[in-house]
Amino acid sequence: MKRKAIASILALTLTATAALAGCGSESSEKSEGGVKSSQEEGTAEQGEEASADVNEDGTVNNPEAVAIDKDKLVFWSLFSGGDGEFMDKMISEYNEGGPEKQVQSIMLVWADYYTKLQTAVAAGKGPDIGVSHASSLPELVEQGVVAPIDDYLDELGVDLSTMYSETSLESVTFDGSVYAVPLDTHAEIMYFNKDILEQAGVALNDKGQLEIASADDFYGICDKIKAVIPEGGSVISLTNNGDDPYRVWWATYFQMGGTPLVNEDGSEVTMDKDTAVKAAEFVKSLYEKGYVAEGIDDHQQFFQSGKAGIYIGGTWGTGALEKTENLNFGAMPYPQMFDKNACWADSHTLILPTKKDRSEEDSKAAVEFMVSASEKGGLTWAGSGQIPASNAVRESQEYLDMPYRSSYMEALDTAVLPSKVSTFNAMKTGMIDSLNTLWSGDTDAAEAVDMLYDELDTNLP
């Protein structure tokens, strides 16, 4: 893969920022509640001005102002709320195990994470360990923000091919080199309110899930729920624009047999426009039939309030939902309504940011943490609701016994991950903006897909 100079990152951070506008609805990687992480203690040592950089949920606006323990590895994460709580627990468990180098966690504001990471690495002030979505990793690799970890894995005697699926490994491998350790797959799934379903006379199947094998099945269930939903409620908890209707469109497009959006090397748009239009029309029908109430900004919170029969959202919501008092819910994979079984998904990975002044010993220790966090910490991380990347964790009885998680674990097999191109985040932003014009009624499906196609074409690498 051809590299550009790291200095050019500063000119490209707008791409990352724009992409995050699309990911922002991942309630978004943020669950309910906050967690105070170790960065607060460090920041406090720097005085009142630095302390102001710590937000109520424990995230830090200026990570470079945090007081660093020089004997520890610095880990920048983008997890806050419920996710942050589980990540903090993983780090605490690792540190308690007595490693040669302990880890200090600094939790960044989600919307700022990639921009600050790229900028800090370009300035030689980046962290020792970081997080990247699989969809963002191609850009980080191309820009030289992350370093390959093969040599350190060899020194540690770690063979990732025995620990992760071929799909997971492929997503972190570029030009034959491994650049990250897979942590999870997070997919768009379906949650349902059991009390509302009972009122609507909708029975669950022997798996305790909704029986849906077609779009008509789904419409039928929605019609029954609509008949009992009171004013101020919604059949489906879904935002009126942004990431989440885009993810439903994504799943629908691939369920309808849609071809990859771009070819393997990212040189050509290969999307099937006719299928893309049909998928967009299906998603639009959910609004037109009155299944989605207007004005839902946070669809996870809306479902938690007990006012929706169905919630189409990410696996990361599970940890927060099960802590919600008096919410009697179930979870299942996103249902197959068309020819193929598919759902939207992305993955978190652990990365070794490029850092010239980090010693080889510290780099090796950082990779040791990354592997341990995914393998030994995978069960703790599963508590957040994400599907662990580690084969051993997913196959463990402890994981299978966790409530809800095993009921949607098969989403791992139906997940369609983003195209592995360095400009995918820019593509995604353009696709979401194009589809938003349809959800808002400003265009029809054909016009919206024409714009979407143009965005893909314009943002080819």
# chains A, B, ... in the order shown; residues from 1 in each chain; ligands from 1

$ residues_around --residues "Lys89 in chain A" --least-positions-apart "6" --cutoff "9 Å" --atoms "only C-alpha atoms" --output "count of residues only"
3

$ residues_around --residues "range 269-285 of chain A" --least-positions-apart "5" --cutoff "10 Å" --atoms "only C-alpha atoms" --output "ChimeraX atom specification"
/A:215,219,245-264,290-292,435,438-441,444-450,452-460

$ write_last_selection --atoms "C-alpha atoms" --output "JSON list (two decimals), in the first residue's frame"
[["chain", "number", "residue", "atom", "x", "y", "z"],
["A", 215, "ALA", "CA", -40.80, -8.11, 4.58],
["A", 219, "TYR", "CA", -44.99, -5.43, 8.17],
["A", 245, "PRO", "CA", -31.51, 4.26, 8.69],
["A", 246, "TYR", "CA", -28.35, 4.03, 6.56],
["A", 247, "ARG", "CA", -27.48, 0.79, 8.36],
["A", 248, "VAL", "CA", -30.95, -0.60, 7.72],
["A", 249, "TRP", "CA", -30.51, 0.35, 4.06],
["A", 250, "TRP", "CA", -27.10, -1.39, 4.08],
["A", 251, "ALA", "CA", -28.58, -4.62, 5.45],
["A", 252, "THR", "CA", -31.50, -4.47, 3.03],
["A", 253, "TYR", "CA", -29.27, -3.83, 0.02],
["A", 254, "PHE", "CA", -27.11, -6.88, 0.73],
["A", 255, "GLN", "CA", -30.12, -9.01, 1.67],
["A", 256, "MET", "CA", -31.55, -8.18, -1.76],
["A", 257, "GLY", "CA", -28.37, -9.54, -3.35],
["A", 258, "GLY", "CA", -26.57, -6.25, -3.86],
["A", 259, "THR", "CA", -23.02, -6.38, -5.20],
["A", 260, "PRO", "CA", -20.08, -4.81, -3.31],
["A", 261, "LEU", "CA", -20.24, -1.02, -3.39],
["A", 262, "VAL", "CA", -16.72, -0.79, -4.82],
["A", 263, "ASN", "CA", -14.35, -3.40, -6.22],
["A", 264, "GLU", "CA", -11.61, -4.99, -4.13],
["A", 290, "GLY", "CA", -46.13, 5.31, 10.29],
["A", 291, "TYR", "CA", -43.94, 2.74, 12.02],
["A", 292, "VAL", "CA", -41.29, 5.30, 12.98],
["A", 435, "LEU", "CA", -30.00, 8.99, 1.89],
["A", 438, "LEU", "CA", -34.85, 10.64, 0.90],
["A", 439, "TRP", "CA", -35.84, 10.18, 4.54],
["A", 440, "SER", "CA", -36.64, 13.91, 4.75],
["A", 441, "GLY", "CA", -38.77, 13.80, 1.59],
["A", 444, "ASP", "CA", -37.18, 10.19, -4.29],
["A", 445, "ALA", "CA", -35.23, 6.93, -3.98],
["A", 446, "ALA", "CA", -33.79, 7.07, -7.50],
["A", 447, "GLU", "CA", -32.47, 10.61, -7.03],
["A", 448, "ALA", "CA", -31.00, 9.79, -3.63],
["A", 449, "VAL", "CA", -29.21, 6.72, -5.00],
["A", 450, "ASP", "CA", -27.87, 8.72, -7.95],
["A", 452, "LEU", "CA", -25.06, 8.20, -3.37],
["A", 453, "TYR", "CA", -23.42, 6.65, -6.42],
["A", 454, "ASP", "CA", -21.74, 9.96, -7.24],
["A", 455, "GLU", "CA", -20.39, 10.19, -3.68],
["A", 456, "LEU", "CA", -18.84, 6.74, -4.01],
["A", 457, "ASP", "CA", -17.31, 7.65, -7.35],
["A", 458, "THR", "CA", -15.99, 11.00, -6.15],
["A", 459, "ASN", "CA", -14.31, 9.43, -3.13],
["A", 460, "LEU", "CA", -12.52, 6.56, -4.86]]

$ residues_around --residues "Ser171 in chain A" --least-positions-apart "5" --cutoff "12 Å" --atoms "only C-alpha atoms" --output "short mmCIF file (atom, residue, chain, number, x, y, z; two decimals) with C-alpha atoms, in the first residue's frame"
data_model
loop_
_atom_site.label_atom_id
_atom_site.label_comp_id
_atom_site.auth_asym_id
_atom_site.auth_seq_id
_atom_site.Cartn_x
_atom_site.Cartn_y
_atom_site.Cartn_z
CA SER A 132 -9.56 1.80 15.40
CA HIS A 133 -12.70 0.68 13.68
CA ALA A 134 -12.00 -1.78 10.88
CA SER A 135 -13.61 0.77 8.54
CA SER A 136 -11.07 3.44 9.59
CA LEU A 137 -8.01 1.20 9.66
CA PRO A 138 -7.24 1.36 5.90
CA VAL A 141 -2.48 2.42 7.62
CA TYR A 164 -9.47 -15.34 15.19
CA SER A 165 -11.62 -15.99 12.16
CA GLU A 166 -10.21 -15.55 8.68
CA GLY A 176 0.74 -9.14 4.08
CA SER A 177 1.39 -7.31 7.37
CA VAL A 178 -0.82 -7.29 10.46
CA TYR A 179 -1.63 -3.82 11.79
CA ALA A 180 -4.10 -4.51 14.61
CA VAL A 181 -5.52 -7.10 16.98
CA PRO A 182 -9.25 -7.74 16.45
CA LEU A 183 -11.36 -6.94 19.51
CA ASP A 184 -14.98 -7.41 18.49
CA THR A 185 -17.68 -7.26 15.87
CA ASP A 346 -18.09 -2.95 11.87
CA SER A 347 -15.31 -4.03 14.22
CA HIS A 348 -13.15 -2.50 16.89
CA THR A 349 -9.46 -3.31 16.73
CA ALA A 389 -13.50 -11.44 18.10
CA VAL A 416 -21.23 -7.38 5.90
CA LEU A 417 -18.31 -5.19 6.90
CA PRO A 418 -17.46 -1.89 5.18
CA SER A 419 -15.40 -1.87 2.03
CA LYS A 420 -11.67 -2.08 2.75
CA VAL A 421 -10.64 1.17 1.10
#

$ closest_residue --among "A:Arg358, A:Trp316, A:Ser77, A:Ile225" --to "Met190 in chain A" --atoms "only C-alpha atoms"
A:Trp316

$ atom_distance --atom1 "CA of Gly126 in chain A" --atom2 "CA of Ala382 in chain A"
27.7 Å

$ residues_around --residues "Glu322 in chain A" --least-positions-apart "4" --cutoff "10 Å" --atoms "only C-alpha atoms" --output "number ranges by chain"
A: 304, 317-318, 326-330, 385, 403-404

$ write_last_selection --atoms "N, CA and C atoms" --output "tab-separated table (two decimals), in the first residue's frame"
chain	number	residue	atom	x	y	z
A	304	GLN	N	-35.47	2.51	25.70
A	304	GLN	CA	-35.32	2.31	27.13
A	304	GLN	C	-36.50	2.90	27.92
A	317	GLY	N	-25.68	-1.67	22.66
A	317	GLY	CA	-26.76	-1.22	23.53
A	317	GLY	C	-27.15	-2.22	24.60
A	318	THR	N	-26.74	-3.47	24.43
A	318	THR	CA	-27.21	-4.53	25.33
A	318	THR	C	-26.85	-4.26	26.78
A	326	ASN	N	-37.24	-2.14	34.84
A	326	ASN	CA	-38.59	-2.44	34.32
A	326	ASN	C	-38.65	-2.53	32.79
A	327	LEU	N	-37.54	-2.77	32.14
A	327	LEU	CA	-37.55	-2.97	30.69
A	327	LEU	C	-37.47	-4.46	30.41
A	328	ASN	N	-38.57	-5.03	29.96
A	328	ASN	CA	-38.66	-6.47	29.66
A	328	ASN	C	-38.43	-6.64	28.17
A	329	PHE	N	-37.19	-6.94	27.79
A	329	PHE	CA	-36.85	-6.95	26.37
A	329	PHE	C	-36.18	-8.25	25.96
A	330	GLY	N	-36.11	-8.45	24.66
A	330	GLY	CA	-35.35	-9.55	24.08
A	330	GLY	C	-34.49	-9.03	22.96
A	385	GLY	N	-21.91	-5.93	25.38
A	385	GLY	CA	-22.85	-6.33	24.34
A	385	GLY	C	-22.19	-6.65	23.02
A	403	PRO	N	-26.64	-13.64	29.50
A	403	PRO	CA	-27.96	-13.36	28.92
A	403	PRO	C	-27.87	-12.50	27.67
A	404	TYR	N	-28.75	-12.75	26.72
A	404	TYR	CA	-28.93	-12.00	25.49
A	404	TYR	C	-27.84	-12.25	24.44

$ closest_residue --among "A:Leu117, A:Pro461, A:Glu56, A:Asp71" --to "Glu268 in chain A" --atoms "only C-alpha atoms"
A:Pro461

$ closest_residue --among "A:Asp217, A:Val202, A:Lys70, A:Asp57" --to "Gln336 in chain A" --atoms "only C-alpha atoms"
A:Asp217

$ select_by_dssp --residues "range 125-365 of chain A" --states "alpha helix (DSSP H)" --output "VMD selection string"
chain A and resid 137 to 142 150 to 156 166 to 171 194 to 200 215 to 226 243 to 255 273 to 288 299 to 304 318 to 321 360 to 365

$ atom_distance --atom1 "CA of Gly319 in chain A" --atom2 "CA of Leu379 in chain A"
12.9 Å

$ closest_residue --among "A:Thr414, A:Ser237, A:Thr167, A:Ser434" --to "Lys340 in chain A" --atoms "only C-alpha atoms"
A:Thr414

$ select_by_dssp --residues "range 216-358 of chain A" --states "strand (DSSP E)" --output "PyMOL selection string"
chain A and resi 234-237+308-314+329-333+343-346+348-351

$ closest_residue --among "A:Asn436, A:Gly82, A:Phe75, A:Glu211" --to "Lys323 in chain A" --atoms "only C-alpha atoms"
A:Gly82

$ residues_around --residues "Ala227 in chain A" --least-positions-apart "6" --cutoff "10 Å" --atoms "only C-alpha atoms" --output "PyMOL selection string"
chain A and resi 199-200+235

$ decode --residues "range 72-181 of chain A" --atoms "C-alpha atoms" --output "mmCIF file, in the first residue's frame"
data_model
loop_
_atom_site.group_PDB
_atom_site.id
_atom_site.type_symbol
_atom_site.label_atom_id
_atom_site.label_comp_id
_atom_site.auth_asym_id
_atom_site.auth_seq_id
_atom_site.Cartn_x
_atom_site.Cartn_y
_atom_site.Cartn_z
ATOM 1 C CA LYS A 72 2.922 3.025 32.158
ATOM 2 C CA LEU A 73 1.782 2.566 28.570
ATOM 3 C CA VAL A 74 -0.699 5.232 27.466
ATOM 4 C CA PHE A 75 -3.906 3.959 25.893
ATOM 5 C CA TRP A 76 -6.277 6.322 24.073
ATOM 6 C CA SER A 77 -9.779 4.934 23.696
ATOM 7 C CA LEU A 78 -13.017 6.219 22.209
ATOM 8 C CA PHE A 79 -15.288 4.305 24.595
ATOM 9 C CA SER A 80 -17.358 6.165 27.159
ATOM 10 C CA GLY A 81 -20.509 5.481 29.120
ATOM 11 C CA GLY A 82 -21.293 1.776 29.404
ATOM 12 C CA ASP A 83 -18.574 0.749 26.963
ATOM 13 C CA GLY A 84 -16.007 2.769 28.876
ATOM 14 C CA GLU A 85 -16.955 1.031 32.096
ATOM 15 C CA PHE A 86 -16.153 -2.373 30.626
ATOM 16 C CA MET A 87 -12.937 -1.158 29.006
ATOM 17 C CA ASP A 88 -11.794 0.333 32.298
ATOM 18 C CA LYS A 89 -12.508 -2.978 33.991
ATOM 19 C CA MET A 90 -10.457 -4.833 31.381
ATOM 20 C CA ILE A 91 -7.517 -2.521 31.936
ATOM 21 C CA SER A 92 -7.770 -2.826 35.725
ATOM 22 C CA GLU A 93 -7.813 -6.613 35.476
ATOM 23 C CA TYR A 94 -4.764 -6.527 33.214
ATOM 24 C CA ASN A 95 -2.845 -4.217 35.551
ATOM 25 C CA GLU A 96 -3.731 -6.372 38.556
ATOM 26 C CA GLY A 97 -2.111 -9.321 36.774
ATOM 27 C CA GLY A 98 1.331 -7.760 37.297
ATOM 28 C CA PRO A 99 2.529 -7.171 33.713
ATOM 29 C CA GLU A 100 5.967 -5.647 33.112
ATOM 30 C CA LYS A 101 4.256 -2.483 31.895
ATOM 31 C CA GLN A 102 0.878 -1.407 33.239
ATOM 32 C CA VAL A 103 -1.585 0.607 31.160
ATOM 33 C CA GLN A 104 -2.988 4.088 31.768
ATOM 34 C CA SER A 105 -6.300 4.758 30.062
ATOM 35 C CA ILE A 106 -7.276 8.116 28.580
ATOM 36 C CA MET A 107 -10.812 8.306 27.229
ATOM 37 C CA LEU A 108 -11.349 10.796 24.401
ATOM 38 C CA VAL A 109 -14.563 12.384 23.196
ATOM 39 C CA TRP A 110 -15.961 10.058 20.531
ATOM 40 C CA ALA A 111 -16.467 12.703 17.852
ATOM 41 C CA ASP A 112 -12.898 14.005 18.255
ATOM 42 C CA TYR A 113 -11.054 10.732 18.548
ATOM 43 C CA TYR A 114 -9.665 10.103 15.053
ATOM 44 C CA THR A 115 -8.804 13.738 14.427
ATOM 45 C CA LYS A 116 -6.883 14.001 17.702
ATOM 46 C CA LEU A 117 -5.169 10.645 17.148
ATOM 47 C CA GLN A 118 -3.970 11.595 13.665
ATOM 48 C CA THR A 119 -2.863 15.038 14.773
ATOM 49 C CA ALA A 120 -1.014 13.731 17.834
ATOM 50 C CA VAL A 121 0.814 11.055 15.847
ATOM 51 C CA ALA A 122 1.833 13.618 13.234
ATOM 52 C CA ALA A 123 3.251 15.788 16.017
ATOM 53 C CA GLY A 124 5.072 12.867 17.634
ATOM 54 C CA LYS A 125 2.823 13.008 20.713
ATOM 55 C CA GLY A 126 0.574 10.023 20.109
ATOM 56 C CA PRO A 127 -0.318 7.262 22.581
ATOM 57 C CA ASP A 128 1.301 3.845 22.892
ATOM 58 C CA ILE A 129 -1.957 1.984 22.231
ATOM 59 C CA GLY A 130 -5.138 3.012 20.450
ATOM 60 C CA VAL A 131 -8.420 1.820 19.007
ATOM 61 C CA SER A 132 -9.557 1.798 15.402
ATOM 62 C CA HIS A 133 -12.698 0.678 13.684
ATOM 63 C CA ALA A 134 -12.003 -1.776 10.881
ATOM 64 C CA SER A 135 -13.608 0.766 8.545
ATOM 65 C CA SER A 136 -11.071 3.440 9.590
ATOM 66 C CA LEU A 137 -8.013 1.199 9.663
ATOM 67 C CA PRO A 138 -7.236 1.363 5.897
ATOM 68 C CA GLU A 139 -6.919 5.153 6.090
ATOM 69 C CA LEU A 140 -4.762 5.010 9.230
ATOM 70 C CA VAL A 141 -2.481 2.423 7.623
ATOM 71 C CA GLU A 142 -2.143 4.416 4.404
ATOM 72 C CA GLN A 143 -1.301 7.572 6.331
ATOM 73 C CA GLY A 144 1.312 5.829 8.483
ATOM 74 C CA VAL A 145 -0.603 6.462 11.711
ATOM 75 C CA VAL A 146 -0.327 2.827 12.828
ATOM 76 C CA ALA A 147 2.644 0.471 12.832
ATOM 77 C CA PRO A 148 2.694 -3.218 11.814
ATOM 78 C CA ILE A 149 2.898 -5.626 14.731
ATOM 79 C CA ASP A 150 4.099 -8.880 13.111
ATOM 80 C CA ASP A 151 7.603 -8.797 14.645
ATOM 81 C CA TYR A 152 6.242 -8.245 18.139
ATOM 82 C CA LEU A 153 3.712 -11.058 17.722
ATOM 83 C CA ASP A 154 6.564 -13.353 16.679
ATOM 84 C CA GLU A 155 8.621 -12.354 19.726
ATOM 85 C CA LEU A 156 5.640 -13.068 21.966
ATOM 86 C CA GLY A 157 5.007 -16.409 20.256
ATOM 87 C CA VAL A 158 1.479 -15.362 19.265
ATOM 88 C CA ASP A 159 -0.195 -16.842 16.172
ATOM 89 C CA LEU A 160 -3.338 -14.817 15.479
ATOM 90 C CA SER A 161 -4.504 -17.320 12.839
ATOM 91 C CA THR A 162 -5.292 -19.796 15.626
ATOM 92 C CA MET A 163 -7.242 -17.201 17.622
ATOM 93 C CA TYR A 164 -9.474 -15.339 15.191
ATOM 94 C CA SER A 165 -11.620 -15.993 12.159
ATOM 95 C CA GLU A 166 -10.208 -15.546 8.679
ATOM 96 C CA THR A 167 -12.536 -12.570 8.166
ATOM 97 C CA SER A 168 -11.277 -10.845 11.314
ATOM 98 C CA LEU A 169 -7.646 -11.358 10.344
ATOM 99 C CA GLU A 170 -8.217 -10.193 6.790
ATOM 100 C CA SER A 171 -9.698 -6.935 8.076
ATOM 101 C CA VAL A 172 -6.453 -6.064 9.930
ATOM 102 C CA THR A 173 -3.969 -7.297 7.308
ATOM 103 C CA PHE A 174 -2.534 -4.990 4.637
ATOM 104 C CA ASP A 175 0.043 -6.022 2.054
ATOM 105 C CA GLY A 176 0.738 -9.144 4.085
ATOM 106 C CA SER A 177 1.391 -7.307 7.372
ATOM 107 C CA VAL A 178 -0.824 -7.285 10.456
ATOM 108 C CA TYR A 179 -1.634 -3.819 11.792
ATOM 109 C CA ALA A 180 -4.101 -4.507 14.605
ATOM 110 C CA VAL A 181 -5.516 -7.098 16.981
#
